[in-house]
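> my_file.cif is reproduced in full below (mmCIF, C-alpha atoms and all ligand atoms).
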data_target
#
loop_
_atom_site.group_PDB
_atom_site.id
_atom_site.type_symbol
_atom_site.label_atom_id
_atom_site.label_comp_id
_atom_site.auth_asym_id
_atom_site.auth_seq_id
_atom_site.Cartn_x
_atom_site.Cartn_y
_atom_site.Cartn_z
ATOM 1 C CA MET A 530 99.641 101.877 41.281
ATOM 2 C CA GLU A 531 100.794 98.383 40.388
ATOM 3 C CA ARG A 532 98.831 95.930 42.481
ATOM 4 C CA VAL A 533 97.836 93.887 39.424
ATOM 5 C CA GLN A 534 100.650 95.084 37.141
ATOM 6 C CA GLY A 535 101.041 92.970 34.011
ATOM 7 C CA LYS A 536 98.052 90.751 34.743
ATOM 8 C CA VAL A 537 95.297 90.076 32.202
ATOM 9 C CA ALA A 538 91.804 90.387 33.679
ATOM 10 C CA LEU A 539 88.347 89.522 32.344
ATOM 11 C CA ILE A 540 85.463 91.289 34.073
ATOM 12 C CA THR A 541 81.899 90.346 33.125
ATOM 13 C CA GLY A 542 79.114 92.892 33.471
ATOM 14 C CA GLY A 543 81.788 95.553 32.992
ATOM 15 C CA ALA A 544 79.636 98.166 31.277
ATOM 16 C CA ARG A 545 78.352 99.793 34.461
ATOM 17 C CA GLY A 546 78.038 99.522 38.234
ATOM 18 C CA LEU A 547 80.460 97.323 40.159
ATOM 19 C CA GLY A 548 82.024 95.815 37.027
ATOM 20 C CA GLU A 549 82.774 99.245 35.588
ATOM 21 C CA ALA A 550 84.375 100.452 38.849
ATOM 22 C CA THR A 551 86.431 97.259 39.095
ATOM 23 C CA GLY A 552 87.600 97.623 35.488
ATOM 24 C CA ARG A 553 88.699 101.221 36.000
ATOM 25 C CA LEU A 554 90.543 100.316 39.225
ATOM 26 C CA PHE A 555 92.279 97.267 37.747
ATOM 27 C CA ALA A 556 93.485 99.363 34.798
ATOM 28 C CA GLN A 557 94.829 102.047 37.178
ATOM 29 C CA GLU A 558 96.666 99.278 39.014
ATOM 30 C CA GLY A 559 98.396 98.061 35.868
ATOM 31 C CA ALA A 560 96.199 95.256 34.527
ATOM 32 C CA THR A 561 95.199 94.691 30.918
ATOM 33 C CA VAL A 562 91.419 94.691 31.272
ATOM 34 C CA VAL A 563 88.850 92.968 29.065
ATOM 35 C CA LEU A 564 85.325 94.116 29.913
ATOM 36 C CA THR A 565 82.375 92.107 28.642
ATOM 37 C CA ASP A 566 78.646 92.806 28.811
ATOM 38 C CA VAL A 567 75.475 92.892 26.735
ATOM 39 C CA LEU A 568 75.263 96.725 26.965
ATOM 40 C CA ASP A 569 77.643 97.303 24.080
ATOM 41 C CA GLY A 570 77.460 101.113 23.889
ATOM 42 C CA ASP A 571 78.147 101.600 27.604
ATOM 43 C CA GLY A 572 80.856 98.918 27.669
ATOM 44 C CA ALA A 573 82.709 100.380 24.676
ATOM 45 C CA THR A 574 82.588 103.840 26.270
ATOM 46 C CA VAL A 575 84.066 102.599 29.555
ATOM 47 C CA ALA A 576 86.917 100.868 27.697
ATOM 48 C CA GLU A 577 87.579 104.016 25.619
ATOM 49 C CA GLU A 578 87.676 106.178 28.748
ATOM 50 C CA ILE A 579 90.134 103.792 30.417
ATOM 51 C CA ARG A 580 92.392 103.956 27.341
ATOM 52 C CA ALA A 581 92.102 107.757 27.224
ATOM 53 C CA ALA A 582 93.336 107.820 30.845
ATOM 54 C CA GLY A 583 96.388 105.757 29.858
ATOM 55 C CA GLY A 584 95.087 102.309 30.821
ATOM 56 C CA LYS A 585 94.817 99.116 28.796
ATOM 57 C CA ALA A 586 91.226 98.043 28.143
ATOM 58 C CA THR A 587 89.016 96.519 25.501
ATOM 59 C CA TYR A 588 85.319 95.723 25.403
ATOM 60 C CA LEU A 589 83.713 92.556 24.007
ATOM 61 C CA HIS A 590 80.064 91.563 23.670
ATOM 62 C CA GLN A 591 79.352 88.481 25.814
ATOM 63 C CA ASP A 592 76.118 87.042 27.131
ATOM 64 C CA THR A 593 77.494 85.122 30.108
ATOM 65 C CA THR A 594 74.736 82.493 29.905
ATOM 66 C CA ASP A 595 76.043 81.358 26.491
ATOM 67 C CA GLU A 596 78.432 78.432 26.979
ATOM 68 C CA ALA A 597 80.000 78.651 23.511
ATOM 69 C CA ALA A 598 80.579 82.384 23.924
ATOM 70 C CA TRP A 599 82.577 81.718 27.100
ATOM 71 C CA THR A 600 84.985 79.472 25.198
ATOM 72 C CA GLU A 601 85.287 82.059 22.414
ATOM 73 C CA VAL A 602 85.960 84.953 24.795
ATOM 74 C CA VAL A 603 88.487 83.089 26.936
ATOM 75 C CA ASP A 604 90.350 81.597 23.966
ATOM 76 C CA GLY A 605 90.296 85.006 22.244
ATOM 77 C CA ILE A 606 91.896 86.671 25.285
ATOM 78 C CA VAL A 607 94.629 84.024 25.451
ATOM 79 C CA ALA A 608 95.243 84.373 21.694
ATOM 80 C CA GLU A 609 95.549 88.159 21.962
ATOM 81 C CA HIS A 610 97.237 88.649 25.333
ATOM 82 C CA GLY A 611 99.023 85.331 25.850
ATOM 83 C CA ARG A 612 97.373 84.461 29.152
ATOM 84 C CA LEU A 613 94.452 85.034 31.537
ATOM 85 C CA ASP A 614 95.285 85.815 35.189
ATOM 86 C CA ILE A 615 92.039 87.105 36.678
ATOM 87 C CA VAL A 616 88.341 86.425 36.023
ATOM 88 C CA VAL A 617 85.718 88.440 37.885
ATOM 89 C CA ASN A 618 82.309 86.784 37.475
ATOM 90 C CA ASN A 619 80.326 89.942 38.157
ATOM 91 C CA ALA A 620 77.416 90.094 35.658
ATOM 92 C CA GLY A 621 74.102 89.749 37.448
ATOM 93 C CA ILE A 622 70.454 90.733 37.567
ATOM 94 C CA VAL A 623 67.849 91.128 40.274
ATOM 95 C CA VAL A 624 64.135 90.355 40.246
ATOM 96 C CA ASP A 625 62.214 92.156 42.962
ATOM 97 C CA ALA A 626 59.740 89.457 44.084
ATOM 98 C CA THR A 627 58.895 87.222 47.035
ATOM 99 C CA VAL A 628 58.665 83.448 46.667
ATOM 100 C CA GLU A 629 54.887 83.769 46.141
ATOM 101 C CA ASP A 630 55.300 86.323 43.356
ATOM 102 C CA THR A 631 58.208 84.713 41.497
ATOM 103 C CA THR A 632 57.435 82.967 38.208
ATOM 104 C CA LEU A 633 59.384 79.865 37.238
ATOM 105 C CA GLU A 634 60.623 81.789 34.195
ATOM 106 C CA ASP A 635 62.060 84.574 36.369
ATOM 107 C CA PHE A 636 63.540 82.077 38.841
ATOM 108 C CA ARG A 637 65.337 80.311 35.986
ATOM 109 C CA ARG A 638 66.485 83.576 34.330
ATOM 110 C CA VAL A 639 67.991 84.913 37.567
ATOM 111 C CA ASN A 640 69.714 81.609 38.260
ATOM 112 C CA ALA A 641 70.971 81.293 34.670
ATOM 113 C CA ILE A 642 72.780 84.645 34.919
ATOM 114 C CA ASN A 643 73.735 84.831 38.611
ATOM 115 C CA ASN A 644 74.549 81.161 39.219
ATOM 116 C CA GLU A 645 74.965 79.034 36.057
ATOM 117 C CA ALA A 646 77.060 81.692 34.304
ATOM 118 C CA VAL A 647 79.378 81.897 37.326
ATOM 119 C CA PHE A 648 79.884 78.139 37.000
ATOM 120 C CA LEU A 649 80.669 78.532 33.277
ATOM 121 C CA GLY A 650 83.083 81.398 33.907
ATOM 122 C CA THR A 651 84.870 79.553 36.689
ATOM 123 C CA ARG A 652 85.199 76.350 34.673
ATOM 124 C CA GLU A 653 86.458 78.187 31.570
ATOM 125 C CA ALA A 654 88.952 80.203 33.614
ATOM 126 C CA ILE A 655 90.344 77.032 35.196
ATOM 127 C CA ARG A 656 90.660 75.410 31.772
ATOM 128 C CA VAL A 657 93.265 77.961 30.666
ATOM 129 C CA MET A 658 94.775 79.060 33.994
ATOM 130 C CA LYS A 659 95.844 75.553 35.025
ATOM 131 C CA ASP A 660 98.131 75.020 32.014
ATOM 132 C CA GLN A 661 99.533 78.459 31.255
ATOM 133 C CA ASP A 662 103.153 79.328 32.023
ATOM 134 C CA PRO A 663 103.505 80.423 34.762
ATOM 135 C CA LYS A 664 100.357 78.586 35.732
ATOM 136 C CA GLY A 665 97.645 79.887 38.021
ATOM 137 C CA GLY A 666 95.245 82.753 38.512
ATOM 138 C CA SER A 667 92.541 84.304 40.649
ATOM 139 C CA ILE A 668 88.795 83.886 40.147
ATOM 140 C CA VAL A 669 86.492 86.270 42.014
ATOM 141 C CA ASN A 670 82.776 85.471 42.084
ATOM 142 C CA ILE A 671 80.431 88.297 43.015
ATOM 143 C CA SER A 672 77.784 86.961 45.376
ATOM 144 C CA SER A 673 75.965 89.291 47.805
ATOM 145 C CA ILE A 674 74.842 89.573 51.409
ATOM 146 C CA ALA A 675 71.853 87.809 49.812
ATOM 147 C CA GLY A 676 74.178 84.795 49.629
ATOM 148 C CA LEU A 677 74.440 84.918 53.439
ATOM 149 C CA VAL A 678 71.060 86.074 54.766
ATOM 150 C CA GLY A 679 67.486 85.983 53.508
ATOM 151 C CA ILE A 680 65.775 89.062 52.036
ATOM 152 C CA GLU A 681 62.022 88.559 51.649
ATOM 153 C CA ASN A 682 61.572 90.334 48.301
ATOM 154 C CA LEU A 683 64.591 88.696 46.631
ATOM 155 C CA ALA A 684 63.623 85.002 46.529
ATOM 156 C CA ALA A 685 65.236 83.988 43.231
ATOM 157 C CA TYR A 686 68.203 86.297 43.849
ATOM 158 C CA ASN A 687 68.746 84.771 47.314
ATOM 159 C CA ALA A 688 68.769 81.280 45.782
ATOM 160 C CA SER A 689 71.280 82.270 43.098
ATOM 161 C CA LYS A 690 73.664 84.128 45.397
ATOM 162 C CA GLY A 691 73.606 81.417 48.071
ATOM 163 C CA ALA A 692 74.561 78.930 45.377
ATOM 164 C CA VAL A 693 77.536 81.062 44.307
ATOM 165 C CA ARG A 694 78.880 81.078 47.868
ATOM 166 C CA LEU A 695 79.179 77.289 48.165
ATOM 167 C CA PHE A 696 80.005 76.642 44.513
ATOM 168 C CA THR A 697 82.989 78.960 45.000
ATOM 169 C CA LYS A 698 84.243 76.875 47.937
ATOM 170 C CA SER A 699 83.853 73.630 45.970
ATOM 171 C CA ALA A 700 85.853 75.031 43.054
ATOM 172 C CA ALA A 701 88.484 76.496 45.417
ATOM 173 C CA LEU A 702 89.055 73.114 47.089
ATOM 174 C CA HIS A 703 89.274 71.276 43.787
ATOM 175 C CA VAL A 704 91.852 73.583 42.192
ATOM 176 C CA ALA A 705 93.919 73.777 45.387
ATOM 177 C CA LYS A 706 94.065 70.004 45.744
ATOM 178 C CA ALA A 707 94.853 69.617 42.050
ATOM 179 C CA GLY A 708 97.865 71.926 42.492
ATOM 180 C CA TYR A 709 96.759 74.356 39.789
ATOM 181 C CA LYS A 710 97.857 77.513 41.725
ATOM 182 C CA ILE A 711 94.398 78.983 41.163
ATOM 183 C CA ARG A 712 92.449 80.741 43.929
ATOM 184 C CA VAL A 713 88.653 81.122 43.950
ATOM 185 C CA ASN A 714 86.835 83.470 46.331
ATOM 186 C CA SER A 715 83.443 85.130 46.668
ATOM 187 C CA VAL A 716 82.569 88.738 47.496
ATOM 188 C CA HIS A 717 79.411 89.653 49.401
ATOM 189 C CA PRO A 718 78.404 93.302 49.017
ATOM 190 C CA SER A 719 75.396 94.864 50.678
ATOM 191 C CA TYR A 720 73.260 97.442 48.861
ATOM 192 C CA THR A 721 75.609 99.512 46.726
ATOM 193 C CA TRP A 722 74.433 102.550 44.767
ATOM 194 C CA THR A 723 74.549 101.201 41.206
ATOM 195 C CA PRO A 724 71.864 101.110 38.471
ATOM 196 C CA MET A 725 70.690 97.749 39.906
ATOM 197 C CA VAL A 726 69.924 99.253 43.320
ATOM 198 C CA GLN A 727 68.592 102.499 41.865
ATOM 199 C CA PHE A 728 66.101 100.296 39.990
ATOM 200 C CA LEU A 729 65.057 98.699 43.294
ATOM 201 C CA GLY A 730 64.638 102.233 44.663
ATOM 202 C CA ASP A 731 62.463 103.229 41.723
ATOM 203 C CA ASN A 732 60.267 100.178 42.421
ATOM 204 C CA THR A 733 59.487 101.604 45.850
ATOM 205 C CA GLY A 734 58.175 104.779 44.150
ATOM 206 C CA ASP A 735 60.728 107.115 45.780
ATOM 207 C CA ARG A 736 64.407 106.620 44.945
ATOM 208 C CA GLN A 737 65.642 109.283 47.393
ATOM 209 C CA ALA A 738 63.586 107.869 50.277
ATOM 210 C CA PHE A 739 65.046 104.430 49.455
ATOM 211 C CA PHE A 740 68.574 105.887 49.613
ATOM 212 C CA GLU A 741 67.805 107.380 53.009
ATOM 213 C CA ALA A 742 66.273 104.126 54.250
ATOM 214 C CA LEU A 743 69.419 102.264 53.140
ATOM 215 C CA SER A 744 71.555 104.831 54.959
ATOM 216 C CA ALA A 745 69.549 104.262 58.120
ATOM 217 C CA VAL A 746 69.842 100.458 58.130
ATOM 218 C CA HIS A 747 73.605 100.241 57.488
ATOM 219 C CA PRO A 748 75.665 100.682 60.673
ATOM 220 C CA LEU A 749 78.178 102.796 58.721
ATOM 221 C CA GLY A 750 75.364 105.184 57.799
ATOM 222 C CA ARG A 751 75.222 104.884 54.009
ATOM 223 C CA PRO A 752 74.786 102.362 51.200
ATOM 224 C CA GLY A 753 77.948 101.212 49.436
ATOM 225 C CA GLU A 754 79.636 102.992 46.556
ATOM 226 C CA PRO A 755 81.006 100.920 43.658
ATOM 227 C CA MET A 756 84.609 101.634 44.695
ATOM 228 C CA ASP A 757 83.970 100.179 48.171
ATOM 229 C CA ILE A 758 83.470 96.829 46.461
ATOM 230 C CA ALA A 759 86.122 97.266 43.749
ATOM 231 C CA TRP A 760 88.893 97.641 46.373
ATOM 232 C CA GLY A 761 87.941 94.256 47.845
ATOM 233 C CA VAL A 762 87.867 92.593 44.439
ATOM 234 C CA LEU A 763 91.296 94.087 43.705
ATOM 235 C CA TYR A 764 92.723 92.583 46.900
ATOM 236 C CA LEU A 765 91.430 89.088 46.081
ATOM 237 C CA ALA A 766 92.626 89.372 42.473
ATOM 238 C CA SER A 767 96.117 90.508 43.463
ATOM 239 C CA ASP A 768 99.068 88.495 44.759
ATOM 240 C CA GLU A 769 98.493 90.141 48.178
ATOM 241 C CA ALA A 770 95.793 87.447 48.616
ATOM 242 C CA SER A 771 98.049 84.556 47.619
ATOM 243 C CA TRP A 772 97.037 82.508 50.712
ATOM 244 C CA VAL A 773 93.326 83.350 50.416
ATOM 245 C CA THR A 774 91.010 80.849 48.756
ATOM 246 C CA GLY A 775 87.487 79.561 49.327
ATOM 247 C CA SER A 776 86.873 82.637 51.444
ATOM 248 C CA GLU A 777 83.910 85.024 51.482
ATOM 249 C CA LEU A 778 84.751 88.714 51.670
ATOM 250 C CA VAL A 779 81.800 90.571 53.196
ATOM 251 C CA ILE A 780 81.706 94.292 52.284
ATOM 252 C CA ASP A 781 78.455 95.507 53.767
ATOM 253 C CA GLY A 782 78.754 98.606 55.926
ATOM 254 C CA GLY A 783 78.290 96.315 58.931
ATOM 255 C CA ILE A 784 74.719 95.264 58.108
ATOM 256 C CA THR A 785 75.189 91.513 58.657
ATOM 257 C CA ALA A 786 77.331 91.958 61.787
ATOM 258 C CA GLY A 787 74.419 92.338 64.194
HETATM 259 P P1 LIG A 801 74.191 96.594 37.425
HETATM 260 O O1 LIG A 801 72.837 96.181 36.982
HETATM 261 O O2 LIG A 801 74.451 98.020 37.627
HETATM 262 O O3 LIG A 801 75.303 96.001 36.442
HETATM 263 C C1 LIG A 801 75.256 94.639 36.089
HETATM 264 C C2 LIG A 801 75.827 94.479 34.703
HETATM 265 O O4 LIG A 801 75.711 93.089 34.327
HETATM 266 C C3 LIG A 801 75.058 95.290 33.648
HETATM 267 O O5 LIG A 801 75.949 96.038 32.874
HETATM 268 C C4 LIG A 801 74.352 94.219 32.843
HETATM 269 O O6 LIG A 801 74.155 94.568 31.481
HETATM 270 C C5 LIG A 801 75.305 93.038 32.977
HETATM 271 N N1 LIG A 801 74.646 91.775 32.672
HETATM 272 C C6 LIG A 801 73.439 91.335 33.107
HETATM 273 N N2 LIG A 801 73.156 90.147 32.535
HETATM 274 C C7 LIG A 801 74.197 89.831 31.732
HETATM 275 C C8 LIG A 801 74.498 88.726 30.899
HETATM 276 N N3 LIG A 801 73.646 87.690 30.770
HETATM 277 N N4 LIG A 801 75.673 88.725 30.229
HETATM 278 C C9 LIG A 801 76.533 89.754 30.351
HETATM 279 N N5 LIG A 801 76.304 90.835 31.132
HETATM 280 C C10 LIG A 801 75.145 90.865 31.809
HETATM 281 O O7 LIG A 801 74.468 95.800 38.762
HETATM 282 P P2 LIG A 801 75.630 95.941 39.868
HETATM 283 O O8 LIG A 801 75.004 96.483 41.070
HETATM 284 O O9 LIG A 801 76.822 96.561 39.285
HETATM 285 O O10 LIG A 801 75.884 94.389 40.144
HETATM 286 C C11 LIG A 801 77.070 93.711 39.765
HETATM 287 C C12 LIG A 801 77.098 92.390 40.522
HETATM 288 O O11 LIG A 801 77.141 92.669 41.928
HETATM 289 C C13 LIG A 801 75.865 91.521 40.306
HETATM 290 O O12 LIG A 801 76.238 90.165 40.300
HETATM 291 C C14 LIG A 801 75.028 91.833 41.530
HETATM 292 O O13 LIG A 801 74.124 90.793 41.823
HETATM 293 C C15 LIG A 801 76.105 91.976 42.570
HETATM 294 N N6 LIG A 801 75.711 92.704 43.755
HETATM 295 C C16 LIG A 801 75.292 93.992 43.660
HETATM 296 C C17 LIG A 801 74.934 94.662 44.814
HETATM 297 C C18 LIG A 801 74.452 96.062 44.798
HETATM 298 O O14 LIG A 801 73.938 96.489 45.806
HETATM 299 N N7 LIG A 801 74.622 96.810 43.727
HETATM 300 C C19 LIG A 801 74.980 94.013 46.052
HETATM 301 C C20 LIG A 801 75.414 92.704 46.099
HETATM 302 C C21 LIG A 801 75.792 92.065 44.945
#
Could you show the structure in this file as structure tokens?


Amino acid sequence: MERVQGKVALITGGARGLGEATGRLFAQEGATVVLTDVLDGDGATVAEEIRAAGGKATYLHQDTTDEAAWTEVVDGIVAEHGRLDIVVNNAGIVVDATVEDTTLEDFRRVNAINNEAVFLGTREAIRVMKDQDPKGGSIVNISSIAGLVGIENLAAYNASKGAVRLFTKSAALHVAKAGYKIRVNSVHPSYTWTPMVQFLGDNTGDRQAFFEALSAVHPLGRPGEPMDIAWGVLYLASDEASWVTGSELVIDGGITAG
């Protein structure tokens, strides 16, 4: 119950799905959790429920594509809590379209949220983590199996998640060589049953049939659940992973193994 005891964690996209599960788990494991999102009602409710269960959590509005907002949020956390130990760059969107069907507008929107905002979050985290006392921290960037393999109906998403994989390694090398005591890793989930994937299911016209199809294609016989991913994020965020950086944690029910 104390794997991130006393640490201060910022989790973007914390109002639902993987970010919500990660926030609840971090709070159970002793962290002070700051959830941010654009879904203010849902985010505030998650934070309230964490507090009601005895955890430490607050919710802040943050559009992760807004550079100035990043500085405000990070500086605000340091002003209130004294430090920032963990940043989980989790907020993301999906557009269900092949390369032929993707508009430039959609390509840019997906990449602004899934890729550029991860850059902003990583850079802002480093800015404060490198100089705090004691210095250091853990940055966890949520990529996807779509950062490892192609998926024909996720062209813009593939591009954004592939970028996160190698950007993470570049940042990890830089902060290691600079001696900042910061680690940067990426996580690569396969289809996990969150609102994002339920939306993809609805696009097929039959959500339950989509769930069953996902169960059939994953060697472990089911799609992921948010907690399957949250446990991996917790490991990378915690001191248990103190010699882990620039790595890619694949949590995918075995789908990319074959
Ligand atoms: P979700 O849609 O359920 O939740 C994503 C959250 O991000 C939402 O609360 C949304 O409001 C928030 N968000 C979107 N744009 C934002 C912005 N500009 N600023 C702030 N918040 C914003 O999705 P999820 O399944 O929980 O996905 C979380 C992350 O995991 C995403 O990066 C996603 O690409 C990644 N991922 C998900 C799966 C999956 O199968 N669910 C698989 C691989 C990777």

> Given only C-alpha atoms as the basis, pick out the residue of A:Ala560, A:Ala742, A:Leu702, A:Met725 nearest to Pro755 in chain A.

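That would be A:Met725, the residue with the smallest distance to Pro755 in chain A.
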
> Excluding range 545-548 of chain A and any residue of its chain fewer than 2 positions from it, enumerate the residues within 6 Å of it, using all atoms listed in the file, and give them as a ChimeraX atom specification.

/A:542-543,550-551,723,755

> Provide the CA of Val617 in chain A to CA of Ala646 in chain A distance in Å, to one decimal place.

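For CA of Val617 in chain A relative to CA of Ala646 in chain A, the distance reads 11.5 Å.
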
> Would you write out, as a PyMOL selection string, every residue that the PyMOL selection byres (((chain A and resi 626) around 9) and not hetatm) captures in this file?

chain A and resi 624-625+627-631+681-685

> Please write the residues picked by the PyMOL selection byres (((chain A and resi 637) around 12) and not hetatm) on this file as a ChimeraX atom specification.

/A:594,622-624,631-636,638-646,684-686,688-689

> Which residue gives the smallest distance to Ala608 in chain A among A:Ser667, A:Trp772, A:Gly783, A:Val657, with all atoms listed in the file counted?

A:Val657

> For each of A:His717, A:Ile540, A:Ala707, A:Ala576, take the minimum atom-to-atom distance to Asn687 in chain A, counting all atoms listed in the file, then give the residue where this is smallest.

A:His717

> Applied to this file, what does the PyMOL selection byres (((chain A and resi 703) around 12) and not hetatm) return in terms of residues, put as JSON, numbers by chain?

{"A": [651, 652, 655, 659, 696, 697, 698, 699, 700, 701, 702, 704, 705, 706, 707, 708, 709, 710, 711, 712, 713, 774, 775]}

> Taking only C-alpha atoms into account, name the residue in A:Phe728, A:Trp722, A:Glu653, A:Glu769 that is nearest to Phe740 in chain A.

A:Trp722

> Could you jot down the CA of Glu596 in chain A to CA of Val616 in chain A separation for me, Å, one decimal place?

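About the pair CA of Glu596 in chain A and CA of Val616 in chain A: they are 15.6 Å apart.
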
> Kindly provide, as number ranges by chain, the polymer residues lying within 10 Å of (82.1, 103.9, 29.7), counting only C-alpha atoms and using the coordinates exactly as they appear in the file.

A: 543-545, 549, 553, 569-579, 588

> Dig up all the protein and nucleic acid residues within 12 Å of (67.6, 102.3, 52.2) in the file frame, using all atoms listed in the file, and format them as a list of chain:residue names.

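Residues with an atom close enough to that point: A:Ser719, A:Tyr720, A:Thr721, A:Trp722, A:Val726, A:Gln727, A:Leu729, A:Gly730, A:Asp731, A:Thr733, A:Asp735, A:Arg736, A:Gln737, A:Ala738, A:Phe739, A:Phe740, A:Glu741, A:Ala742, A:Leu743, A:Ser744, A:Ala745, A:Val746, A:His747, A:Pro748, A:Gly750, A:Arg751, A:Pro752, A:Gly753, A:Ile784.
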
> For range 578-587 of chain A, what centre and edge lengths in Å (one decimal) does the axis-aligned box get once 3 Å is added on each side of all its listed atoms, as AutoDock Vina command-line options?


--center_x 92.0 --center_y 102.2 --center_z 28.2 --size_x 14.7 --size_y 17.3 --size_z 11.3

> So which one's closest to Arg612 in chain A, A:Ala597, A:Ile674, A:Val562, A:Val537? Using all atoms listed in the file, please.

A:Val537

> Have a look at A:Gly611, A:Gly666, A:Gly552, A:Gly535 and name the one nearest to ligand LIG 801 (chain A); count all atoms listed in the file.

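Closest to ligand LIG 801 (chain A), using all atoms listed in the file: A:Gly552.
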